[in-house]
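Q: So I've got this file, coords35.txt, and it contains compact mmCIF, C-alpha atoms and all ligand atoms:
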```txt
# COMPACT_ATOMS: atom_id res chain seq x y z
CA MET A 1 154.31 97.48 117.26
CA LEU A 2 153.33 94.80 114.77
CA PRO A 3 152.27 91.46 116.33
CA GLU A 4 155.13 89.58 114.58
CA GLU A 5 157.68 92.03 115.95
CA TRP A 6 156.31 91.63 119.48
CA GLU A 7 156.13 87.84 119.19
CA ARG A 8 159.89 87.65 118.50
CA ILE A 9 160.68 89.85 121.51
CA TYR A 10 158.24 87.90 123.70
CA GLU A 11 159.89 84.58 122.84
CA ASP A 12 163.30 86.01 123.81
CA ILE A 13 161.83 87.33 127.09
CA LEU A 14 160.26 83.95 127.92
CA TYR A 15 163.65 82.33 127.39
CA ASP A 16 165.63 85.04 129.22
CA PHE A 17 163.49 84.93 132.41
CA GLY A 18 162.29 81.33 132.22
CA TYR A 19 158.63 82.44 132.16
CA SER A 20 155.93 80.12 130.88
CA ARG A 21 153.59 81.10 128.04
CA THR A 22 151.02 78.66 129.43
CA GLU A 23 151.03 80.48 132.78
CA ASP A 24 150.79 83.88 131.05
CA GLU A 25 147.74 82.60 129.15
CA SER A 26 146.10 81.05 132.18
CA SER A 27 146.46 84.36 134.06
CA ALA A 28 144.94 86.18 131.07
CA ARG A 29 141.91 83.84 131.16
CA LEU A 30 141.52 84.58 134.86
CA LEU A 31 141.64 88.34 134.17
CA LYS A 32 138.87 88.01 131.58
CA ALA A 33 136.71 85.99 133.97
CA VAL A 34 137.19 88.39 136.89
CA MET A 35 136.53 91.49 134.75
CA MET A 36 133.59 90.10 132.76
CA ASN A 37 131.13 92.58 134.28
CA SER A 38 133.47 95.58 134.40
CA ASP A 39 133.48 98.71 132.24
CA LEU A 40 135.61 97.19 129.48
CA ILE A 41 136.51 99.54 126.66
CA PHE A 42 138.17 98.94 123.29
CA ASP A 43 140.38 100.73 120.74
CA ASP A 44 137.69 103.04 119.31
CA ASP A 45 137.00 104.48 122.77
CA ILE A 46 140.62 105.44 123.45
CA LYS A 47 142.13 108.80 122.53
CA VAL A 48 145.79 109.78 122.84
CA GLN A 49 147.02 113.19 121.70
CA ARG A 50 149.95 113.77 119.34
CA LYS A 51 151.98 114.72 122.40
CA ALA A 52 152.09 112.33 125.34
CA THR A 53 154.05 112.05 128.57
CA VAL A 54 154.84 108.63 130.03
CA PHE A 55 155.75 108.50 133.73
CA GLY A 56 158.08 105.77 135.01
CA CYS A 57 159.08 105.14 138.59
CA SER A 58 162.76 106.06 138.83
CA ASP A 59 163.94 107.94 141.92
CA ASP A 60 164.22 111.13 139.82
CA LEU A 61 160.56 111.25 138.75
CA GLU A 62 159.62 114.37 140.76
CA ASN A 63 162.83 116.25 139.80
CA GLU A 64 162.32 115.49 136.15
CA ILE A 65 158.70 116.69 136.28
CA GLU A 66 159.92 120.01 137.69
CA LYS A 67 162.61 120.33 135.00
CA ASP A 68 160.41 119.37 132.08
CA PRO A 69 156.67 119.90 132.68
CA PRO A 70 154.40 117.08 131.43
CA LYS A 71 152.28 117.75 128.36
CA GLY A 72 149.64 116.10 126.19
CA THR A 73 148.05 112.83 127.26
CA LEU A 74 149.41 111.80 130.67
CA ILE A 75 150.18 108.07 130.92
CA ALA A 76 151.42 106.65 134.23
CA SER A 77 153.02 103.28 134.84
CA GLY A 78 151.62 101.50 137.92
CA SER A 79 153.57 102.70 140.94
CA ALA A 80 154.09 106.20 139.53
CA VAL A 81 150.38 106.99 140.14
CA GLY A 82 150.74 107.56 143.91
CA ARG A 83 153.80 109.76 143.47
CA LEU A 84 151.96 111.83 140.86
CA LYS A 85 148.97 112.16 143.17
CA ASP A 86 151.25 113.56 145.89
CA ILE A 87 152.24 116.42 143.58
CA GLY A 88 148.73 117.02 142.23
CA ILE A 89 148.92 115.23 138.87
CA MET A 90 146.06 112.97 137.76
CA PRO A 91 146.93 110.70 134.80
CA ASP A 92 144.56 110.16 131.87
CA ILE A 93 145.78 106.57 131.49
CA VAL A 94 147.29 104.06 133.96
CA VAL A 95 149.27 101.04 132.72
CA THR A 96 149.60 98.39 135.41
CA ASP A 97 150.21 94.76 136.28
CA LEU A 98 148.61 95.49 139.69
CA ASP A 99 151.79 95.27 141.75
CA GLY A 100 153.36 97.98 143.91
CA ASP A 101 151.40 100.93 145.26
CA ILE A 102 147.89 99.83 144.26
CA MET A 103 145.43 102.07 146.19
CA PRO A 104 146.21 105.27 144.21
CA GLN A 105 145.68 103.27 141.00
CA ILE A 106 142.24 102.17 142.22
CA GLU A 107 141.43 105.79 143.14
CA ALA A 108 142.57 107.06 139.73
CA SER A 109 140.24 104.52 138.13
CA LYS A 110 137.37 105.74 140.30
CA ALA A 111 138.15 109.28 139.13
CA GLY A 112 137.82 108.17 135.49
CA ALA A 113 141.37 107.33 134.36
CA VAL A 114 141.53 104.56 131.76
CA THR A 115 143.38 101.53 133.18
CA PHE A 116 145.32 99.18 130.91
CA MET A 117 145.35 96.10 133.16
CA HIS A 118 147.92 93.44 132.37
CA ALA A 119 147.86 89.70 133.07
CA HIS A 120 151.05 87.65 133.26
CA GLY A 121 152.12 84.36 134.80
CA ASP A 122 153.19 85.97 138.06
CA ASN A 123 150.27 88.24 138.91
CA SER A 124 147.24 85.93 139.10
CA GLU A 125 146.97 86.40 142.89
CA LEU A 126 146.99 90.17 142.45
CA ILE A 127 144.31 89.86 139.78
CA GLN A 128 142.14 87.88 142.18
CA ARG A 129 142.69 90.39 144.97
CA TYR A 130 142.47 93.76 143.22
CA ALA A 131 141.18 93.69 139.64
CA HIS A 132 137.49 93.95 140.57
CA SER A 133 138.14 97.16 142.55
CA PHE A 134 138.85 99.13 139.37
CA ILE A 135 135.46 100.63 138.64
CA GLY A 136 136.50 103.01 135.84
CA PRO A 137 137.07 102.14 132.18
CA VAL A 138 139.49 99.23 131.70
CA VAL A 139 141.39 97.68 128.78
CA LEU A 140 142.57 94.12 129.44
CA THR A 141 146.05 93.28 128.12
CA THR A 142 148.15 90.17 127.62
CA GLN A 143 151.73 89.60 126.48
CA SER A 144 150.66 86.42 124.68
CA ARG A 145 147.85 85.85 122.17
CA PRO A 146 145.18 88.58 122.04
CA ASP A 147 141.49 87.95 121.29
CA ASN A 148 138.33 90.06 121.04
CA ILE A 149 138.51 91.01 124.74
CA LEU A 150 142.25 90.91 125.42
CA SER A 151 144.60 93.34 123.68
CA ASN A 152 148.31 93.16 123.03
CA TYR A 153 150.00 96.41 121.99
CA GLY A 154 153.48 94.99 122.71
CA GLY A 155 155.73 95.80 125.64
CA PHE A 156 156.92 94.10 128.81
CA THR A 157 157.22 96.26 131.94
CA ASP A 158 154.51 98.78 132.81
CA GLY A 159 156.72 101.63 131.54
CA ASP A 160 157.59 100.30 128.10
CA ARG A 161 154.04 98.92 127.62
CA ALA A 162 152.85 102.48 128.26
CA VAL A 163 155.14 103.74 125.49
CA CYS A 164 153.89 101.01 123.10
CA ILE A 165 150.31 102.05 123.93
CA ALA A 166 151.10 105.74 123.30
CA ARG A 167 152.62 104.84 119.92
CA HIS A 168 149.74 102.50 119.01
CA PHE A 169 147.18 105.26 119.60
CA GLY A 170 149.08 107.79 117.50
CA ALA A 171 151.39 109.76 119.81
CA LYS A 172 154.28 111.19 117.78
CA ASP A 173 156.09 113.19 120.44
CA ILE A 174 156.62 111.18 123.63
CA LEU A 175 158.28 112.60 126.73
CA LEU A 176 159.61 110.08 129.25
CA LEU A 177 159.75 111.29 132.86
CA GLY A 178 161.02 109.00 135.64
CA PHE A 179 162.90 106.61 133.36
CA ASP A 180 166.41 105.57 134.40
CA PHE A 181 167.35 102.26 132.83
CA GLU A 182 170.65 101.97 134.70
CA ARG A 183 169.44 102.54 138.31
CA PRO A 184 166.36 100.52 139.32
CA SER A 185 164.48 102.10 142.23
CA GLU A 186 164.28 99.97 145.36
CA LYS A 187 160.90 98.29 145.74
CA ALA A 188 159.91 95.97 148.58
CA GLY A 189 159.66 92.36 147.47
CA THR A 190 161.48 92.92 144.18
CA ASP A 191 164.77 91.26 143.29
CA SER A 192 167.06 94.09 142.15
CA GLY A 193 168.92 91.86 139.67
CA VAL A 194 165.66 90.87 137.98
CA LYS A 195 164.47 94.49 138.01
CA ALA A 196 167.73 95.61 136.36
CA LYS A 197 167.29 92.98 133.68
CA LYS A 198 163.66 94.02 133.13
CA LEU A 199 164.78 97.63 132.66
CA LEU A 200 167.25 96.59 129.95
CA TRP A 201 164.36 95.01 128.08
CA ALA A 202 162.28 98.15 128.64
CA LYS A 203 165.03 100.30 127.14
CA LYS A 204 165.36 98.01 124.14
CA ILE A 205 161.58 97.99 123.51
CA ILE A 206 161.33 101.78 123.82
CA PHE A 207 164.35 102.78 121.75
CA ASP A 208 165.43 99.90 119.48
CA HIS A 209 161.81 99.21 118.51
CA ASN A 210 160.72 102.80 118.08
CA GLU A 211 158.50 103.54 115.08
CA PRO A 212 159.19 105.80 112.09
CA GLY A 213 158.15 109.41 112.71
CA VAL A 214 157.93 109.03 116.50
CA SER A 215 160.20 111.07 118.74
CA VAL A 216 160.89 109.66 122.21
CA ARG A 217 162.64 112.13 124.47
CA ARG A 218 164.07 112.10 127.96
CA PRO A 219 164.59 115.34 129.95
CA SER A 220 168.35 115.13 129.45
CA GLY A 221 167.53 116.10 125.87
CA THR A 222 168.40 112.69 124.43
CA PHE A 223 166.37 112.19 121.28
CA TYR A 224 165.73 109.01 119.43
CA ASN A 225 164.16 109.35 116.03
CA LYS A 226 163.83 106.52 113.54
CA LYS A 227 163.58 107.72 109.95
N1 LIG B 1 164.87 103.33 137.55
C1 LIG B 1 163.66 102.78 137.47
N2 LIG B 1 163.18 102.04 138.49
C2 LIG B 1 161.95 101.49 138.43
N3 LIG B 1 161.11 101.59 137.38
C3 LIG B 1 161.54 102.32 136.32
C4 LIG B 1 162.83 102.94 136.32
N4 LIG B 1 162.99 103.57 135.16
C5 LIG B 1 161.87 103.36 134.46
N5 LIG B 1 160.98 102.60 135.14
C6 LIG B 1 159.68 102.19 134.64
O1 LIG B 1 158.71 102.51 135.59
C7 LIG B 1 157.77 101.45 135.73
C8 LIG B 1 157.38 101.41 137.20
O2 LIG B 1 156.19 100.79 137.43
P1 LIG B 1 156.08 99.58 138.47
O3 LIG B 1 156.98 99.79 139.63
O4 LIG B 1 154.66 99.35 138.69
O5 LIG B 1 156.77 98.53 137.52
P2 LIG B 1 156.59 97.04 137.01
O6 LIG B 1 156.91 96.98 135.58
O7 LIG B 1 155.34 96.45 137.48
O8 LIG B 1 157.81 96.47 137.71
P3 LIG B 1 158.07 95.07 138.39
O9 LIG B 1 159.11 94.51 137.51
O10 LIG B 1 158.62 95.43 139.70
O11 LIG B 1 156.78 94.36 138.38
C9 LIG B 1 158.51 100.18 135.31
O12 LIG B 1 157.64 99.34 134.64
C10 LIG B 1 159.62 100.69 134.39
O13 LIG B 1 159.32 100.52 133.02
N1 LIG B 2 155.47 85.97 133.44
C1 LIG B 2 155.80 87.21 133.82
N2 LIG B 2 155.56 88.22 132.98
C2 LIG B 2 155.86 89.51 133.34
C3 LIG B 2 156.43 89.78 134.60
C4 LIG B 2 156.69 88.68 135.47
O1 LIG B 2 157.20 88.86 136.60
N3 LIG B 2 156.34 87.42 135.04
N4 LIG B 2 156.69 91.06 134.96
C5 LIG B 2 156.41 92.07 134.15
C6 LIG B 2 156.65 93.46 134.52
O2 LIG B 2 157.34 93.60 135.63
C7 LIG B 2 155.78 91.87 132.85
N5 LIG B 2 155.58 90.51 132.51
MG MG B 3 153.76 97.10 138.06
```
Could the structure of this file be written out as structure tokens, please?

A:
Amino acid sequence: MLPEEWERIYEDILYDFGYSRTEDESSARLLKAVMMNSDLIFDDDIKVQRKATVFGCSDDLENEIEKDPPKGTLIASGSAVGRLKDIGIMPDIVVTDLDGDIMPQIEASKAGAVTFMHAHGDNSELIQRYAHSFIGPVVLTTQSRPDNILSNYGGFTDGDRAVCIARHFGAKDILLLGFDFERPSEKAGTDSGVKAKKLLWAKKIIFDHNEPGVSVRRPSGTFYNKK
């Protein structure tokens, strides 16, 4: 997604949720400081195949994997990593804001998965607690202004950021498994109204802001192709 396109969406999100850009940026500075001596990698080091599968965290994730086997580069949103591990799937890439089921994400990093680690105004405590435990290759991301260390590929929740990342690195055929924008899964400590609203933004970012020549498919067979 082009930076101007993301900036317009980001401003609407800030307004919709009452988030503060200043807090997003302060958290991003913290992430850079904490990860200064980590294995930071950049665009040239990252490879995504033409086909990619992005795993979300809906209740149906495991059923959908059985119905429609994952293919290409495997990209997991944060809390999906543990559920994938339980059925023997190791992702190539993990996209996370460090909340939810964190230990499997740290293990995937140790095993070599590339982690796209996101800073926002509400995860600075999690950054302080967990970021340094990721010993594998890491890309630092922000939803505000990028710089030479922080990237911004667009996207809001872990799931739609993962789709933006897949598209940025050239995936043309993207399979979504574990995405249900109408029924948020229950997660301890998460307000279900806020989660539902976040999923509406995720849906909009994935489908209304798809790119020409990219097919994004769900197992139901729903296609979205922008000419
Ligand atoms: N029904 C669903 N329930 C929960 N997550 C879903 C669902 N459908 C798709 N997803 C995607 O799966 C991802 C799950 O990852 P995780 O639970 O770590 O999310 P998150 O974005 O950090 O969410 P939170 O808003 O709770 O911080 C979400 O980011 C979302 O994009
Ligand atoms: N400021 C702020 N930004 C976010 C937040 C959040 O809770 N606060 N949650 C996200 C994904 O769940 C992504 N971005
Ligand atoms: Mg998360």

Q: Counting only C-alpha atoms and all ligand atoms, which of A:Gln128, A:Thr141, A:Asn123, A:Ser220 gets nearest to ligand LIG 2 (chain B)?

A: A:Asn123

Q: For chain A against ligand MG 3 (chain B), with a cut-off of 9 Å and counting only C-alpha atoms and all ligand atoms, what is the closest atom pair and its distance in Å to one decimal for every residue that makes the cut, ordered by chain and number, as a tab-separated table?

A:
```
residue	atom	partner	partner_atom	distance
A:Ser77	CA	B:MG3	MG	7.0
A:Gly78	CA	B:MG3	MG	4.9
A:Ser79	CA	B:MG3	MG	6.3
A:Val95	CA	B:MG3	MG	8.0
A:Thr96	CA	B:MG3	MG	5.1
A:Asp97	CA	B:MG3	MG	4.6
A:Leu98	CA	B:MG3	MG	5.6
A:Asp99	CA	B:MG3	MG	4.6
A:Gly100	CA	B:MG3	MG	5.9
A:Asp101	CA	B:MG3	MG	8.5
A:Ile102	CA	B:MG3	MG	9.0
A:His118	CA	B:MG3	MG	8.9
A:Thr157	CA	B:MG3	MG	7.1
A:Asp158	CA	B:MG3	MG	5.6
A:Gly159	CA	B:MG3	MG	8.5
```

Q: Counting all atoms listed in the file, note down every residue that has an atom within 8 Å of the point (134.8, 92.1, 140.8) (file coordinates), as a PDB file with C-alpha atoms, in the frame of the given file.

A:
```pdb
ATOM      1  CA  VAL A  34     137.190  88.390 136.890  1.00  0.00           C
ATOM      2  CA  MET A  35     136.530  91.490 134.750  1.00  0.00           C
ATOM      3  CA  ASN A  37     131.130  92.580 134.280  1.00  0.00           C
ATOM      4  CA  SER A  38     133.470  95.580 134.400  1.00  0.00           C
ATOM      5  CA  ALA A 131     141.180  93.690 139.640  1.00  0.00           C
ATOM      6  CA  HIS A 132     137.490  93.950 140.570  1.00  0.00           C
ATOM      7  CA  SER A 133     138.140  97.160 142.550  1.00  0.00           C
TER       8      SER A 133
END
```

Q: Determine, counting only C-alpha atoms, which protein, DNA and RNA residues have an atom within 6 Å of an atom of stretch 59-69 of chain A; residues of the same chain fewer than 5 positions away are not included. Present the result as number ranges by chain.

A: A: 177-178, 185

Q: Would you work out the distance separating atom CA of A:Arg129 from atom CA of A:Cys164, expressed in Å to one decimal?

A: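 So the answer is 26.8 Å.
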
Q: Could you tell me which of A:Ile106, A:Leu140, A:Ala76, A:Ile41 comes closest to A:Thr53 if we count all atoms listed in the file?

A: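 Of A:Ile106, A:Leu140, A:Ala76, A:Ile41, the one nearest A:Thr53, counting all atoms listed in the file, is A:Ala76.
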
Q: Please, what distance in Å, to one decimal, runs between atom CA of A:Val194 and atom C4 of ligand LIG 1 (chain B)?

A: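 About the pair atom CA of A:Val194 and atom C4 of ligand LIG 1 (chain B): they are 12.5 Å apart.
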
Q: Separation of atom CA of A:Phe179 and atom CA of A:Ile75, in Å?

A: 13.0 Å

Q: Which is closer to ligand LIG 1 (chain B) than all the others in A:Ser215, A:Gln49, A:Ser192, A:Thr115, using only C-alpha atoms and all ligand atoms?

A: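 Looking at the shortest contact to ligand LIG 1 (chain B), the residue is A:Ser192.
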
Q: Taking into account all atoms listed in the file, which residue in the set A:Arg29, A:Arg8, A:Arg145, A:His168 is nearest to A:Asp43?

A: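 Once distances to A:Asp43 are computed over all atoms listed in the file, the minimum belongs to A:His168.
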
Q: Edge lengths and centre in Å to one decimal, as AutoDock Vina command-line options, is what I'm after for the box along x, y and z that holds all listed atoms of ligand LIG 2 (chain B) once 4 Å is added on each side.

A:
```
--center_x 156.4 --center_y 89.8 --center_z 134.6 --size_x 9.9 --size_y 15.6 --size_z 12.1
```

Q: At most 7 Å is the cut-off: for each residue in chain A with any atom that close to an atom of ligand LIG 2 (chain B), write down the nearest atom pair and the distance in Å rounded to one decimal, counting all atoms listed in the file, chain first then increasing number, as a Markdown table.

A:
```
| residue | atom | partner | partner_atom | distance |
| --- | --- | --- | --- | --- |
| A:Tyr19 | CA | B:LIG2 | N1 | 4.9 |
| A:Ser20 | CA | B:LIG2 | N1 | 6.4 |
| A:Asp24 | CA | B:LIG2 | N1 | 5.7 |
| A:Asp97 | CA | B:LIG2 | C6 | 6.8 |
| A:His120 | CA | B:LIG2 | N2 | 4.6 |
| A:Gly121 | CA | B:LIG2 | N1 | 4.0 |
| A:Asp122 | CA | B:LIG2 | N3 | 4.6 |
| A:Phe156 | CA | B:LIG2 | C7 | 4.8 |
| A:Thr157 | CA | B:LIG2 | C6 | 3.8 |
| A:Asp158 | CA | B:LIG2 | C6 | 6.0 |
| A:Lys198 | CA | B:LIG2 | O2 | 6.8 |
```

Q: From the options A:Ala171, A:Ala28, A:Leu126, A:Met1, which residue's atoms come nearest to A:Gly154, counting all atoms listed in the file?

A: A:Met1

Q: Of the candidates A:Ile165, A:Asp160, A:Asp173, A:Ile87, which shows the shortest atom-to-atom distance to A:Phe207, using only C-alpha atoms?

A: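 Residue with the minimum atom-to-atom distance to A:Phe207: A:Asp160.
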
Q: With a distance cut-off of 7 Å and only C-alpha atoms, select the neighbouring residues of A:Ile135, excluding the residue or stretch itself and same-chain residues fewer than 4 positions from it, and output the selection as a ChimeraX atom specification.

A: /A:38-39,109-110

Q: Take the point (155.2, 90.2, 116.1) in the file's coordinates, draw a sphere of radius 12 Å around it, and report as a ChimeraX atom specification every protein, DNA or RNA residue with an atom inside or on it, counting all atoms listed in the file.

A: /A:1-12,143-146,152-155,209

Q: Store the residues of this selection in a file with C-alpha atoms, as a PDB file, keeping the file's coordinate frame.

A:
```
ATOM      1  CA  MET A   1     154.310  97.480 117.260  1.00  0.00           C
ATOM      2  CA  LEU A   2     153.330  94.800 114.770  1.00  0.00           C
ATOM      3  CA  PRO A   3     152.270  91.460 116.330  1.00  0.00           C
ATOM      4  CA  GLU A   4     155.130  89.580 114.580  1.00  0.00           C
ATOM      5  CA  GLU A   5     157.680  92.030 115.950  1.00  0.00           C
ATOM      6  CA  TRP A   6     156.310  91.630 119.480  1.00  0.00           C
ATOM      7  CA  GLU A   7     156.130  87.840 119.190  1.00  0.00           C
ATOM      8  CA  ARG A   8     159.890  87.650 118.500  1.00  0.00           C
ATOM      9  CA  ILE A   9     160.680  89.850 121.510  1.00  0.00           C
ATOM     10  CA  TYR A  10     158.240  87.900 123.700  1.00  0.00           C
ATOM     11  CA  GLU A  11     159.890  84.580 122.840  1.00  0.00           C
ATOM     12  CA  ASP A  12     163.300  86.010 123.810  1.00  0.00           C
ATOM     13  CA  GLN A 143     151.730  89.600 126.480  1.00  0.00           C
ATOM     14  CA  SER A 144     150.660  86.420 124.680  1.00  0.00           C
ATOM     15  CA  ARG A 145     147.850  85.850 122.170  1.00  0.00           C
ATOM     16  CA  PRO A 146     145.180  88.580 122.040  1.00  0.00           C
ATOM     17  CA  ASN A 152     148.310  93.160 123.030  1.00  0.00           C
ATOM     18  CA  TYR A 153     150.000  96.410 121.990  1.00  0.00           C
ATOM     19  CA  GLY A 154     153.480  94.990 122.710  1.00  0.00           C
ATOM     20  CA  GLY A 155     155.730  95.800 125.640  1.00  0.00           C
ATOM     21  CA  HIS A 209     161.810  99.210 118.510  1.00  0.00           C
TER      22      HIS A 209
END
```

Q: So that I can check the surroundings of A:Val216, please list as a VMD selection string every protein, DNA and RNA residue that reaches within 12 Å of it, counting all atoms listed in the file and ignoring chain neighbours fewer than 2 positions away.

A: chain A and resid 51 to 54 160 163 to 164 166 to 167 171 to 177 179 203 205 to 214 218 to 226

Q: Got a sec: who's within 10 Å of A:Phe42, counting all atoms listed in the file, leaving out chain neighbours fewer than 5 positions off, as an MDAnalysis selection string?

A: chainID A and resid 137:140 148:151

Q: May I have the selected residues written with C-alpha atoms, as an mmCIF file, keeping the file's coordinate frame?

A:
```cif
data_model
loop_
_atom_site.group_PDB
_atom_site.id
_atom_site.type_symbol
_atom_site.label_atom_id
_atom_site.label_comp_id
_atom_site.auth_asym_id
_atom_site.auth_seq_id
_atom_site.Cartn_x
_atom_site.Cartn_y
_atom_site.Cartn_z
ATOM 1 C CA PRO A 137 137.070 102.140 132.180
ATOM 2 C CA VAL A 138 139.490 99.230 131.700
ATOM 3 C CA VAL A 139 141.390 97.680 128.780
ATOM 4 C CA LEU A 140 142.570 94.120 129.440
ATOM 5 C CA ASN A 148 138.330 90.060 121.040
ATOM 6 C CA ILE A 149 138.510 91.010 124.740
ATOM 7 C CA LEU A 150 142.250 90.910 125.420
ATOM 8 C CA SER A 151 144.600 93.340 123.680
#
```
